[in-house]
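Q: This is the structure I have questions about; it appears just below.
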Amino acid sequence: MALLDRIEGPGDLRDLSRTELDRLAAEIRAFLVSNVSRTGGHLGPNLGVVELTLALHRVFDSPNDPFIFDTGHQSYVHKMLTGRCADFPTLRQRGGLSGYPSRAESEHDWVESSHASASLSWAEGMAKGFRLQNLDRTVVAVIGDGALTGGMAWEAVNNIAVQRDLPLVMIANDNGRSYTPTVGGLASHLSALRTDRRYEQGLDFLKRSISGTPLVGRAAYEWLHGVKIGLKDVLAPQGLFADLGMKYVGPIDGHDLAALERALQQAKGFGGPVIVHVITEKGRGFKAAEEHEEDHFHSVGQIDEITGEPLSSSSKKTWTDVFSAELVEVGRRRPDIVALTAAMLYPTGLDRFAAAFPDRTVDVGIAEQHALTSAAGLSAAGLHPVVAVYSTFLNRAFDQLLMDVALHRQGVTLMLDRAGVTGTDGASHNGMWDSSILTVVPGLRLAAPRDATRLREALWQSVDHNDGPSVIRYSKEKVPADIDAIERRDGIDVLAQSGRPQVLVVALGQFVGMGLEVAERLSQQGIGVRVVDPVWSLPINPALVRLAAEHELVITLEDSGVVGGVGSRLSQELRANDVWTPVREFGIKQEFLDHGSRAEVLEELGLTSQQIARQVVEFVARTTEQLPERRTQSSDSER
């Protein structure tokens, strides 16, 4: 019987021998590779934290001691050790296991973390709450995969450092291999010494005794204290944390269970905030991941569990591919173009630009706020920055977009990848918030291209615009074939028209194809329809207002939040111009969406051509029935 089959909860780990634990670690890695290769998911990060997660569950008492995984994609092993192995075949599927911690799944998941750099703030608040209630609980925050590059993490550290009795252990999971682990008995002894209360008491006694000696006392203490600091800094890269007054343990080999448990026991026993620096290897135990230079299989689709090769491939380009290639062309012709990203060089397609123009490419780490304000500074200096981020991460930099870029009317281009329903990563990663945020920013221009040609055109137009921010949003789906306009009216592309147009379909981005399908269904019902793409969604084109006045109904289709989106903005603009044509906005409901495939999520939201066309037909039918009554009421009022 496999050891893993015997693990139903953390308590089952505590009686295992060292040999059994090593065997269990190997079984966990084999399980991860076998299952995640079938479902897709964050494979590399979890292969790297197997021993660390085992040690955490042997030393601490989850769920009494809360575990908070920063970003959350390092939590697969934690899920396995808390009774969820049987659910892994459903990972990231509709109704199945979430790819992030989920309070609905288990009492062991305290925080549904999925955006980076927030764990320490959660942990500080929870630890403070337990302390204020005199509860004997320790909060454990696991932060890694670059999350310490986020400013919010350091805001938390700044507050944690002044609370000497905070029951908090911070695990810095360093899988970048930036430091060489310190090994040997002396390092272990120093770690134990630093987390012993007598160490601090001894230092305090030394300070009071020596400092009181006339003339030389203060100088002698400072010299001895300097020797202590210098010795520790030679043995471990802990200067910053020591200066903040925080206890530092490490670096520890993150794949040495005995060393990990010893360090964690020391940290737990200290009773105050401690940072444990752990060195792990991302993708450990899977040769294909270990040798994958780009990101060690940080996130994968379905792959061969032996070779790591993708099981399915498509010759169709993604929106990211189109942007990536075109930006290189822009960079060749425009030496003022600078590209920025927030730890997403490869996922956003900036790797090609970086290869061609390394001096004009900036990766700021997980720091979207800094990226936007730095971009404003680059613009003020005479360059044109192109900032590429995932749509869902723009939320973090709204103030900087509003007050630093837009207020100062700086020419900055934002490329929002993964806009709209993304599906399998769940609520936090759907790019559904950006349009609702962007509609309130004065002077901002927004484009949602319908195809590759329009994306390229929008990019060139955007980098030529230096009077405020321009934003281009696009899906993670494959790029559809080009959809050419049959007519252009004052900057608006007319894509289809049938009969005497009664219904104006305003379709945006990835939903343009759906708009054409809706039009076809309406035409089959004898309803005249016109489909248009505004090209630039914001600001609202006055020509679109005039066009709306020519129709009996306007419907808007957008792969973004329906509340505060482009559709509602158009509706406001119509009323402001005394155009009273009814408007029906179709978009994503303002709610947190469970994970599932994009098609499943859209079906549940009612965002399919069949469902939308049915609602439009019913609306037209009701309106037609009311026309004789309205005409009669109008005649009576005239008499």
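Starting from 1 in every chain, residues are counted up; chains themselves are A, B, ... following the order of the structure tokens, and ligands are numbered from 1 as listed.
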I'd like the neighbourhood of His277 of chain A as JSON, numbers by chain, where a residue qualifies if any of its atoms comes within 9 Å (using only C-alpha atoms), though same-chain residues fewer than 5 positions away should be ignored.
A: {"A": [170, 171, 172, 173, 174, 248, 249, 250, 251, 252, 253, 254]}
Q: Output all heavy atoms for every residue in the selection just made, as a short mmCIF file (atom, residue, chain, number, x, y, z; two decimals), in the first residue's frame.
A:
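Generated output (part_9.cif):
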```
data_model
loop_
_atom_site.label_atom_id
_atom_site.label_comp_id
_atom_site.auth_asym_id
_atom_site.auth_seq_id
_atom_site.Cartn_x
_atom_site.Cartn_y
_atom_site.Cartn_z
N MET A 170 7.24 33.54 9.17
CA MET A 170 7.23 33.83 7.73
C MET A 170 8.24 32.93 7.04
O MET A 170 9.43 32.96 7.38
CB MET A 170 7.58 35.30 7.50
CG MET A 170 6.55 36.27 8.05
SD MET A 170 7.25 37.94 8.31
CE MET A 170 8.17 37.67 9.84
N ILE A 171 7.76 32.16 6.08
CA ILE A 171 8.64 31.28 5.32
C ILE A 171 8.96 31.96 3.99
O ILE A 171 8.08 32.15 3.15
CB ILE A 171 7.98 29.92 5.04
CG1 ILE A 171 7.37 29.33 6.31
CG2 ILE A 171 8.99 28.97 4.40
CD1 ILE A 171 8.35 29.01 7.39
N ALA A 172 10.21 32.36 3.81
CA ALA A 172 10.64 32.93 2.53
C ALA A 172 11.10 31.77 1.64
O ALA A 172 12.22 31.28 1.78
CB ALA A 172 11.77 33.93 2.72
N ASN A 173 10.20 31.32 0.77
CA ASN A 173 10.51 30.20 -0.11
C ASN A 173 11.29 30.72 -1.31
O ASN A 173 10.72 31.18 -2.29
CB ASN A 173 9.22 29.51 -0.56
CG ASN A 173 9.49 28.42 -1.58
OD1 ASN A 173 10.56 27.83 -1.59
ND2 ASN A 173 8.52 28.15 -2.44
N ASP A 174 12.58 30.63 -1.21
CA ASP A 174 13.47 31.19 -2.23
C ASP A 174 13.81 30.12 -3.25
O ASP A 174 14.71 29.32 -3.06
CB ASP A 174 14.74 31.69 -1.52
CG ASP A 174 15.75 32.32 -2.46
OD1 ASP A 174 15.46 32.38 -3.67
OD2 ASP A 174 16.80 32.75 -1.97
N TYR A 248 15.91 36.09 12.12
CA TYR A 248 16.12 35.44 10.82
C TYR A 248 16.75 34.09 11.05
O TYR A 248 17.71 33.96 11.81
CB TYR A 248 17.02 36.32 9.96
CG TYR A 248 17.53 35.68 8.69
CD1 TYR A 248 16.90 35.91 7.48
CD2 TYR A 248 18.66 34.87 8.71
CE1 TYR A 248 17.38 35.34 6.31
CE2 TYR A 248 19.14 34.29 7.55
CZ TYR A 248 18.50 34.52 6.35
OH TYR A 248 18.97 33.96 5.20
N VAL A 249 16.21 33.06 10.41
CA VAL A 249 16.77 31.71 10.47
C VAL A 249 17.06 31.25 9.05
O VAL A 249 16.19 31.29 8.19
CB VAL A 249 15.79 30.73 11.15
CG1 VAL A 249 16.36 29.31 11.12
CG2 VAL A 249 15.50 31.16 12.57
N GLY A 250 18.28 30.82 8.80
CA GLY A 250 18.58 30.31 7.49
C GLY A 250 19.88 30.85 6.93
O GLY A 250 20.64 31.50 7.64
N PRO A 251 20.09 30.61 5.63
CA PRO A 251 19.23 29.84 4.72
C PRO A 251 19.24 28.35 5.06
O PRO A 251 20.23 27.81 5.50
CB PRO A 251 19.86 30.07 3.35
CG PRO A 251 20.85 31.16 3.52
CD PRO A 251 21.27 31.14 4.94
N ILE A 252 18.09 27.71 4.80
CA ILE A 252 17.92 26.29 5.07
C ILE A 252 17.71 25.57 3.74
O ILE A 252 17.02 26.07 2.85
CB ILE A 252 16.67 26.04 5.97
CG1 ILE A 252 16.71 26.93 7.22
CG2 ILE A 252 16.56 24.57 6.32
CD1 ILE A 252 17.85 26.66 8.15
N ASP A 253 18.30 24.38 3.62
CA ASP A 253 18.06 23.55 2.45
C ASP A 253 16.60 23.09 2.49
O ASP A 253 16.20 22.31 3.35
CB ASP A 253 19.00 22.34 2.47
CG ASP A 253 18.81 21.42 1.26
OD1 ASP A 253 17.83 21.61 0.50
OD2 ASP A 253 19.65 20.51 1.09
N GLY A 254 15.80 23.58 1.55
CA GLY A 254 14.37 23.31 1.56
C GLY A 254 14.00 21.91 1.17
O GLY A 254 12.79 21.58 1.13
#
```
Q: For Pro347 of chain A, find every residue with an atom within 12 Å (counting only C-alpha atoms), except residues of its own chain fewer than 3 positions away, and show them as a list in words.
A: Glu294, Asp295, His298, Ser299, Val300, Thr318, Trp319, Thr320, Asp321, Phe323, Ser324, Thr341, Ala342, Ala343, Met344, Leu350, Asp351, Arg352, Ala388, Val389, Tyr390, Leu416, Asp417, Arg418 and Lys476 of chain A
Q: Output N, CA and C atoms for every residue in the selection just made, as a PDB file, in the first residue's frame.
A:
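Output contents, as saved in out_27.pdb:
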```pdb
ATOM      1  N   GLU A 294      12.844  28.498 -19.001  1.00  0.00           N
ATOM      2  CA  GLU A 294      11.945  29.654 -18.971  1.00  0.00           C
ATOM      3  C   GLU A 294      11.338  29.863 -17.587  1.00  0.00           C
ATOM      4  N   ASP A 295      10.656  28.838 -17.041  1.00  0.00           N
ATOM      5  CA  ASP A 295      10.047  29.017 -15.718  1.00  0.00           C
ATOM      6  C   ASP A 295       9.877  27.710 -14.945  1.00  0.00           C
ATOM      7  N   HIS A 298       6.288  26.465 -14.407  1.00  0.00           N
ATOM      8  CA  HIS A 298       5.495  27.210 -13.421  1.00  0.00           C
ATOM      9  C   HIS A 298       4.015  26.879 -13.572  1.00  0.00           C
ATOM     10  N   SER A 299       3.524  26.954 -14.795  1.00  0.00           N
ATOM     11  CA  SER A 299       2.138  26.593 -15.072  1.00  0.00           C
ATOM     12  C   SER A 299       2.109  25.863 -16.409  1.00  0.00           C
ATOM     13  N   VAL A 300       1.402  24.737 -16.434  1.00  0.00           N
ATOM     14  CA  VAL A 300       1.387  23.923 -17.653  1.00  0.00           C
ATOM     15  C   VAL A 300      -0.046  23.595 -18.049  1.00  0.00           C
ATOM     16  N   THR A 318      -2.112  33.033 -30.753  1.00  0.00           N
ATOM     17  CA  THR A 318      -2.842  33.688 -29.678  1.00  0.00           C
ATOM     18  C   THR A 318      -2.718  35.192 -29.844  1.00  0.00           C
ATOM     19  N   TRP A 319      -3.555  35.924 -29.135  1.00  0.00           N
ATOM     20  CA  TRP A 319      -3.452  37.386 -29.142  1.00  0.00           C
ATOM     21  C   TRP A 319      -2.062  37.825 -28.658  1.00  0.00           C
ATOM     22  N   THR A 320      -1.543  37.094 -27.671  1.00  0.00           N
ATOM     23  CA  THR A 320      -0.214  37.417 -27.135  1.00  0.00           C
ATOM     24  C   THR A 320       0.853  37.281 -28.216  1.00  0.00           C
ATOM     25  N   ASP A 321       0.746  36.246 -29.049  1.00  0.00           N
ATOM     26  CA  ASP A 321       1.702  36.052 -30.139  1.00  0.00           C
ATOM     27  C   ASP A 321       1.691  37.248 -31.097  1.00  0.00           C
ATOM     28  N   PHE A 323       0.646  40.379 -30.554  1.00  0.00           N
ATOM     29  CA  PHE A 323       1.220  41.564 -29.903  1.00  0.00           C
ATOM     30  C   PHE A 323       2.734  41.456 -29.808  1.00  0.00           C
ATOM     31  N   SER A 324       3.220  40.282 -29.403  1.00  0.00           N
ATOM     32  CA  SER A 324       4.650  40.083 -29.199  1.00  0.00           C
ATOM     33  C   SER A 324       5.441  40.387 -30.474  1.00  0.00           C
ATOM     34  N   THR A 341       7.117  45.239 -17.746  1.00  0.00           N
ATOM     35  CA  THR A 341       6.213  44.199 -17.269  1.00  0.00           C
ATOM     36  C   THR A 341       6.471  43.960 -15.797  1.00  0.00           C
ATOM     37  N   ALA A 342       5.503  43.313 -15.139  1.00  0.00           N
ATOM     38  CA  ALA A 342       5.604  43.031 -13.705  1.00  0.00           C
ATOM     39  C   ALA A 342       5.742  41.524 -13.506  1.00  0.00           C
ATOM     40  N   ALA A 343       6.964  41.035 -13.674  1.00  0.00           N
ATOM     41  CA  ALA A 343       7.284  39.608 -13.486  1.00  0.00           C
ATOM     42  C   ALA A 343       6.534  38.710 -14.460  1.00  0.00           C
ATOM     43  N   MET A 344       6.184  39.240 -15.633  1.00  0.00           N
ATOM     44  CA  MET A 344       5.424  38.472 -16.627  1.00  0.00           C
ATOM     45  C   MET A 344       6.051  38.610 -18.010  1.00  0.00           C
ATOM     46  N   LEU A 350       6.562  39.711 -23.924  1.00  0.00           N
ATOM     47  CA  LEU A 350       7.628  40.715 -24.041  1.00  0.00           C
ATOM     48  C   LEU A 350       9.014  40.101 -24.207  1.00  0.00           C
ATOM     49  N   ASP A 351       9.099  38.778 -24.162  1.00  0.00           N
ATOM     50  CA  ASP A 351      10.411  38.132 -24.287  1.00  0.00           C
ATOM     51  C   ASP A 351      11.050  38.424 -25.643  1.00  0.00           C
ATOM     52  N   ARG A 352      10.234  38.515 -26.709  1.00  0.00           N
ATOM     53  CA  ARG A 352      10.800  38.820 -28.036  1.00  0.00           C
ATOM     54  C   ARG A 352      11.371  40.231 -28.069  1.00  0.00           C
ATOM     55  N   ALA A 388       2.865  45.854 -20.311  1.00  0.00           N
ATOM     56  CA  ALA A 388       2.092  44.635 -20.577  1.00  0.00           C
ATOM     57  C   ALA A 388       1.854  43.885 -19.273  1.00  0.00           C
ATOM     58  N   VAL A 389       0.581  43.744 -18.899  1.00  0.00           N
ATOM     59  CA  VAL A 389       0.206  43.032 -17.681  1.00  0.00           C
ATOM     60  C   VAL A 389      -1.052  42.216 -17.956  1.00  0.00           C
ATOM     61  N   TYR A 390      -1.347  41.286 -17.066  1.00  0.00           N
ATOM     62  CA  TYR A 390      -2.631  40.595 -17.133  1.00  0.00           C
ATOM     63  C   TYR A 390      -3.731  41.562 -16.694  1.00  0.00           C
ATOM     64  N   LEU A 416      -3.456  44.816 -22.002  1.00  0.00           N
ATOM     65  CA  LEU A 416      -4.087  43.969 -20.995  1.00  0.00           C
ATOM     66  C   LEU A 416      -4.357  42.579 -21.566  1.00  0.00           C
ATOM     67  N   ASP A 417      -3.484  41.669 -21.224  1.00  0.00           N
ATOM     68  CA  ASP A 417      -3.602  40.271 -21.642  1.00  0.00           C
ATOM     69  C   ASP A 417      -4.603  39.557 -20.734  1.00  0.00           C
ATOM     70  N   ARG A 418      -5.142  38.416 -21.213  1.00  0.00           N
ATOM     71  CA  ARG A 418      -6.073  37.598 -20.427  1.00  0.00           C
ATOM     72  C   ARG A 418      -7.298  38.405 -19.991  1.00  0.00           C
ATOM     73  N   LYS A 476      -7.244  35.540 -23.801  1.00  0.00           N
ATOM     74  CA  LYS A 476      -6.194  34.512 -23.866  1.00  0.00           C
ATOM     75  C   LYS A 476      -6.541  33.454 -24.914  1.00  0.00           C
TER      76      LYS A 476
END
```
Q: Any idea what the distance is between atom CA of Val535 of chain A and atom CA of Val601 of chain A?
A: 26.0 Å
Q: Taking 3 positions as the minimum chain separation for residues in the same chain, which residues sit within 9 Å of Arg396 of chain A when counting only C-alpha atoms? Answer as a compact mmCIF listing (two decimals) with all heavy atoms, in the first residue's frame.
A:
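Generated file (part39.txt):
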```
# COMPACT_ATOMS: atom_id res chain seq x y z
N ALA A 367 5.19 44.25 -9.05
CA ALA A 367 5.05 45.62 -8.56
C ALA A 367 4.33 46.47 -9.61
O ALA A 367 4.91 47.38 -10.20
CB ALA A 367 6.43 46.19 -8.25
N GLU A 368 3.05 46.13 -9.84
CA GLU A 368 2.28 46.84 -10.86
C GLU A 368 2.15 48.33 -10.56
O GLU A 368 2.12 49.16 -11.48
CB GLU A 368 0.89 46.21 -11.00
CG GLU A 368 0.88 44.83 -11.63
CD GLU A 368 1.18 43.72 -10.66
OE1 GLU A 368 1.36 44.01 -9.44
OE2 GLU A 368 1.23 42.55 -11.09
N GLN A 369 2.04 48.67 -9.30
CA GLN A 369 1.93 50.09 -8.94
C GLN A 369 3.18 50.85 -9.40
O GLN A 369 3.08 51.91 -10.04
CB GLN A 369 1.75 50.23 -7.43
CG GLN A 369 0.43 49.68 -6.92
CD GLN A 369 0.39 49.62 -5.41
OE1 GLN A 369 1.30 49.07 -4.77
NE2 GLN A 369 -0.65 50.17 -4.83
N THR A 392 -6.34 41.13 -14.90
CA THR A 392 -6.72 41.03 -13.49
C THR A 392 -5.77 41.76 -12.56
O THR A 392 -6.13 42.14 -11.45
CB THR A 392 -6.85 39.56 -13.06
OG1 THR A 392 -7.35 39.49 -11.73
CG2 THR A 392 -5.52 38.85 -13.13
N PHE A 393 -4.51 41.97 -13.00
CA PHE A 393 -3.53 42.63 -12.15
C PHE A 393 -3.54 44.15 -12.30
O PHE A 393 -2.88 44.86 -11.54
CB PHE A 393 -2.12 42.09 -12.43
CG PHE A 393 -1.99 40.61 -12.16
CD1 PHE A 393 -1.25 39.80 -13.00
CD2 PHE A 393 -2.62 40.03 -11.08
CE1 PHE A 393 -1.14 38.44 -12.76
CE2 PHE A 393 -2.53 38.67 -10.83
CZ PHE A 393 -1.78 37.87 -11.66
N ASP A 399 -4.84 53.50 -8.82
CA ASP A 399 -4.50 54.85 -8.37
C ASP A 399 -3.36 55.44 -9.20
O ASP A 399 -3.39 56.62 -9.56
CB ASP A 399 -4.11 54.84 -6.89
CG ASP A 399 -3.84 56.23 -6.36
OD1 ASP A 399 -4.81 57.01 -6.21
OD2 ASP A 399 -2.67 56.57 -6.11
N GLN A 400 -2.39 54.61 -9.52
CA GLN A 400 -1.25 55.10 -10.31
C GLN A 400 -1.68 55.43 -11.73
O GLN A 400 -1.21 56.41 -12.31
CB GLN A 400 -0.14 54.04 -10.31
CG GLN A 400 0.58 53.88 -8.98
CD GLN A 400 -0.28 53.27 -7.90
OE1 GLN A 400 -1.18 52.47 -8.19
NE2 GLN A 400 -0.03 53.62 -6.66
```
Q: Just checking: using only C-alpha atoms, which residue out of A:Ser37, A:Gln510, A:Asn466, A:Thr439 ends up closest to Asp451 of chain A?
A: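 Of A:Ser37, A:Gln510, A:Asn466, A:Thr439, the one nearest Asp451 of chain A, counting only C-alpha atoms, is A:Gln510.
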Q: May I have the residues within 12 Å of Gln525 of chain A as a short mmCIF file (atom, residue, chain, number, x, y, z; two decimals) with all heavy atoms, in the first residue's frame, using only C-alpha atoms and disregarding those fewer than 2 positions away in the same chain?
A:
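Heads up, here's the output in around_19.cif:
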```cif
data_model
loop_
_atom_site.label_atom_id
_atom_site.label_comp_id
_atom_site.auth_asym_id
_atom_site.auth_seq_id
_atom_site.Cartn_x
_atom_site.Cartn_y
_atom_site.Cartn_z
N SER A 498 -28.60 43.61 -42.37
CA SER A 498 -29.66 42.87 -43.08
C SER A 498 -30.99 43.59 -42.91
O SER A 498 -31.32 44.05 -41.81
CB SER A 498 -29.77 41.45 -42.52
OG SER A 498 -30.18 41.47 -41.17
N GLY A 499 -31.73 43.70 -44.02
CA GLY A 499 -33.05 44.31 -43.99
C GLY A 499 -33.01 45.75 -43.51
O GLY A 499 -31.98 46.44 -43.60
N VAL A 518 -25.36 36.30 -33.38
CA VAL A 518 -26.64 36.83 -32.91
C VAL A 518 -27.38 37.48 -34.07
O VAL A 518 -28.60 37.28 -34.24
CB VAL A 518 -26.42 37.84 -31.76
CG1 VAL A 518 -27.71 38.61 -31.45
CG2 VAL A 518 -25.90 37.14 -30.51
N ALA A 519 -26.66 38.25 -34.88
CA ALA A 519 -27.29 38.91 -36.02
C ALA A 519 -27.89 37.91 -36.99
O ALA A 519 -28.99 38.11 -37.52
CB ALA A 519 -26.27 39.79 -36.73
N GLU A 520 -27.17 36.81 -37.22
CA GLU A 520 -27.68 35.78 -38.12
C GLU A 520 -28.97 35.17 -37.58
O GLU A 520 -29.95 34.96 -38.33
CB GLU A 520 -26.62 34.69 -38.29
CG GLU A 520 -27.02 33.54 -39.20
CD GLU A 520 -27.24 33.97 -40.63
OE1 GLU A 520 -26.65 34.99 -41.06
OE2 GLU A 520 -28.01 33.27 -41.33
N ARG A 521 -29.03 34.91 -36.30
CA ARG A 521 -30.23 34.36 -35.68
C ARG A 521 -31.39 35.35 -35.75
O ARG A 521 -32.54 34.96 -35.99
CB ARG A 521 -29.94 33.97 -34.23
CG ARG A 521 -29.01 32.77 -34.08
CD ARG A 521 -28.70 32.49 -32.62
NE ARG A 521 -27.81 31.35 -32.47
CZ ARG A 521 -28.19 30.08 -32.39
NH1 ARG A 521 -29.49 29.78 -32.47
NH2 ARG A 521 -27.30 29.12 -32.25
N LEU A 522 -31.11 36.63 -35.54
CA LEU A 522 -32.17 37.64 -35.61
C LEU A 522 -32.70 37.77 -37.04
O LEU A 522 -33.92 37.91 -37.25
CB LEU A 522 -31.65 38.99 -35.11
CG LEU A 522 -31.24 39.06 -33.63
CD1 LEU A 522 -30.74 40.46 -33.29
CD2 LEU A 522 -32.38 38.66 -32.72
N SER A 523 -31.80 37.71 -38.00
CA SER A 523 -32.22 37.80 -39.41
C SER A 523 -33.15 36.65 -39.77
O SER A 523 -34.13 36.83 -40.51
CB SER A 523 -30.99 37.80 -40.33
OG SER A 523 -30.19 38.93 -40.10
N ILE A 527 -35.90 39.92 -38.28
CA ILE A 527 -35.56 41.17 -37.60
C ILE A 527 -34.36 41.80 -38.29
O ILE A 527 -33.30 41.17 -38.42
CB ILE A 527 -35.25 40.92 -36.11
CG1 ILE A 527 -36.48 40.34 -35.41
CG2 ILE A 527 -34.79 42.21 -35.43
CD1 ILE A 527 -36.20 39.89 -33.98
N GLY A 528 -34.51 43.02 -38.74
CA GLY A 528 -33.40 43.73 -39.37
C GLY A 528 -32.35 44.09 -38.34
O GLY A 528 -32.65 44.53 -37.22
N VAL A 529 -31.08 43.91 -38.70
CA VAL A 529 -30.01 44.09 -37.72
C VAL A 529 -28.77 44.66 -38.38
O VAL A 529 -28.49 44.39 -39.56
CB VAL A 529 -29.69 42.74 -37.01
CG1 VAL A 529 -29.21 41.71 -38.02
CG2 VAL A 529 -28.68 42.91 -35.89
N ALA A 613 -29.82 35.98 -28.50
CA ALA A 613 -30.78 36.20 -29.59
C ALA A 613 -32.21 35.97 -29.10
O ALA A 613 -33.13 36.71 -29.48
CB ALA A 613 -30.45 35.27 -30.76
N ARG A 614 -32.41 34.96 -28.26
CA ARG A 614 -33.75 34.69 -27.75
C ARG A 614 -34.28 35.89 -26.95
O ARG A 614 -35.44 36.29 -27.09
CB ARG A 614 -33.76 33.43 -26.87
CG ARG A 614 -35.17 33.06 -26.41
CD ARG A 614 -35.20 31.76 -25.62
NE ARG A 614 -34.45 31.89 -24.37
CZ ARG A 614 -33.34 31.24 -24.10
NH1 ARG A 614 -32.80 30.43 -25.00
NH2 ARG A 614 -32.75 31.39 -22.94
N VAL A 616 -33.40 39.01 -27.25
CA VAL A 616 -33.64 40.14 -28.15
C VAL A 616 -34.96 39.95 -28.91
O VAL A 616 -35.76 40.88 -29.05
CB VAL A 616 -32.47 40.31 -29.14
CG1 VAL A 616 -32.78 41.40 -30.17
CG2 VAL A 616 -31.18 40.66 -28.38
N VAL A 617 -35.20 38.72 -29.39
CA VAL A 617 -36.45 38.43 -30.10
C VAL A 617 -37.64 38.70 -29.19
O VAL A 617 -38.65 39.30 -29.60
CB VAL A 617 -36.47 36.96 -30.61
CG1 VAL A 617 -37.86 36.59 -31.10
CG2 VAL A 617 -35.45 36.78 -31.72
N GLU A 618 -37.55 38.27 -27.93
CA GLU A 618 -38.64 38.50 -26.99
C GLU A 618 -38.85 39.98 -26.74
O GLU A 618 -39.99 40.46 -26.64
CB GLU A 618 -38.34 37.77 -25.68
CG GLU A 618 -38.40 36.25 -25.80
CD GLU A 618 -37.89 35.55 -24.55
OE1 GLU A 618 -37.39 36.25 -23.64
OE2 GLU A 618 -37.96 34.30 -24.49
N VAL A 620 -38.13 42.49 -28.84
CA VAL A 620 -38.72 43.08 -30.04
C VAL A 620 -40.20 42.74 -30.13
O VAL A 620 -41.04 43.57 -30.49
CB VAL A 620 -37.96 42.60 -31.30
CG1 VAL A 620 -38.69 43.04 -32.56
CG2 VAL A 620 -36.53 43.15 -31.29
N ALA A 621 -40.54 41.49 -29.78
CA ALA A 621 -41.94 41.08 -29.83
C ALA A 621 -42.78 41.90 -28.86
O ALA A 621 -43.89 42.34 -29.20
CB ALA A 621 -42.06 39.59 -29.51
#
```
Q: Excluding Val471 of chain A and any residue of its chain fewer than 4 positions from it, enumerate the residues within 10 Å of it, using only C-alpha atoms, and give them as a PyMOL selection string.
A: chain A and resi 386-388+412-416+434-435+438+444-448+458-459+462+536+538
Q: Would you please extract all alpha helix (DSSP H) residues from segment 322-482 of chain A, as assigned by DSSP on the backbone, and give them as a PyMOL selection string?
A: chain A and resi 322-333+351-356+368-380+398-399+434-438+452-463
Q: Rounded to one decimal, what separation in Å do you get between atom CA of Ile7 of chain A and atom CA of Gly144 of chain A?
A: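 Taking atom CA of Ile7 of chain A as the start and atom CA of Gly144 of chain A as the end point, the length is 26.2 Å.
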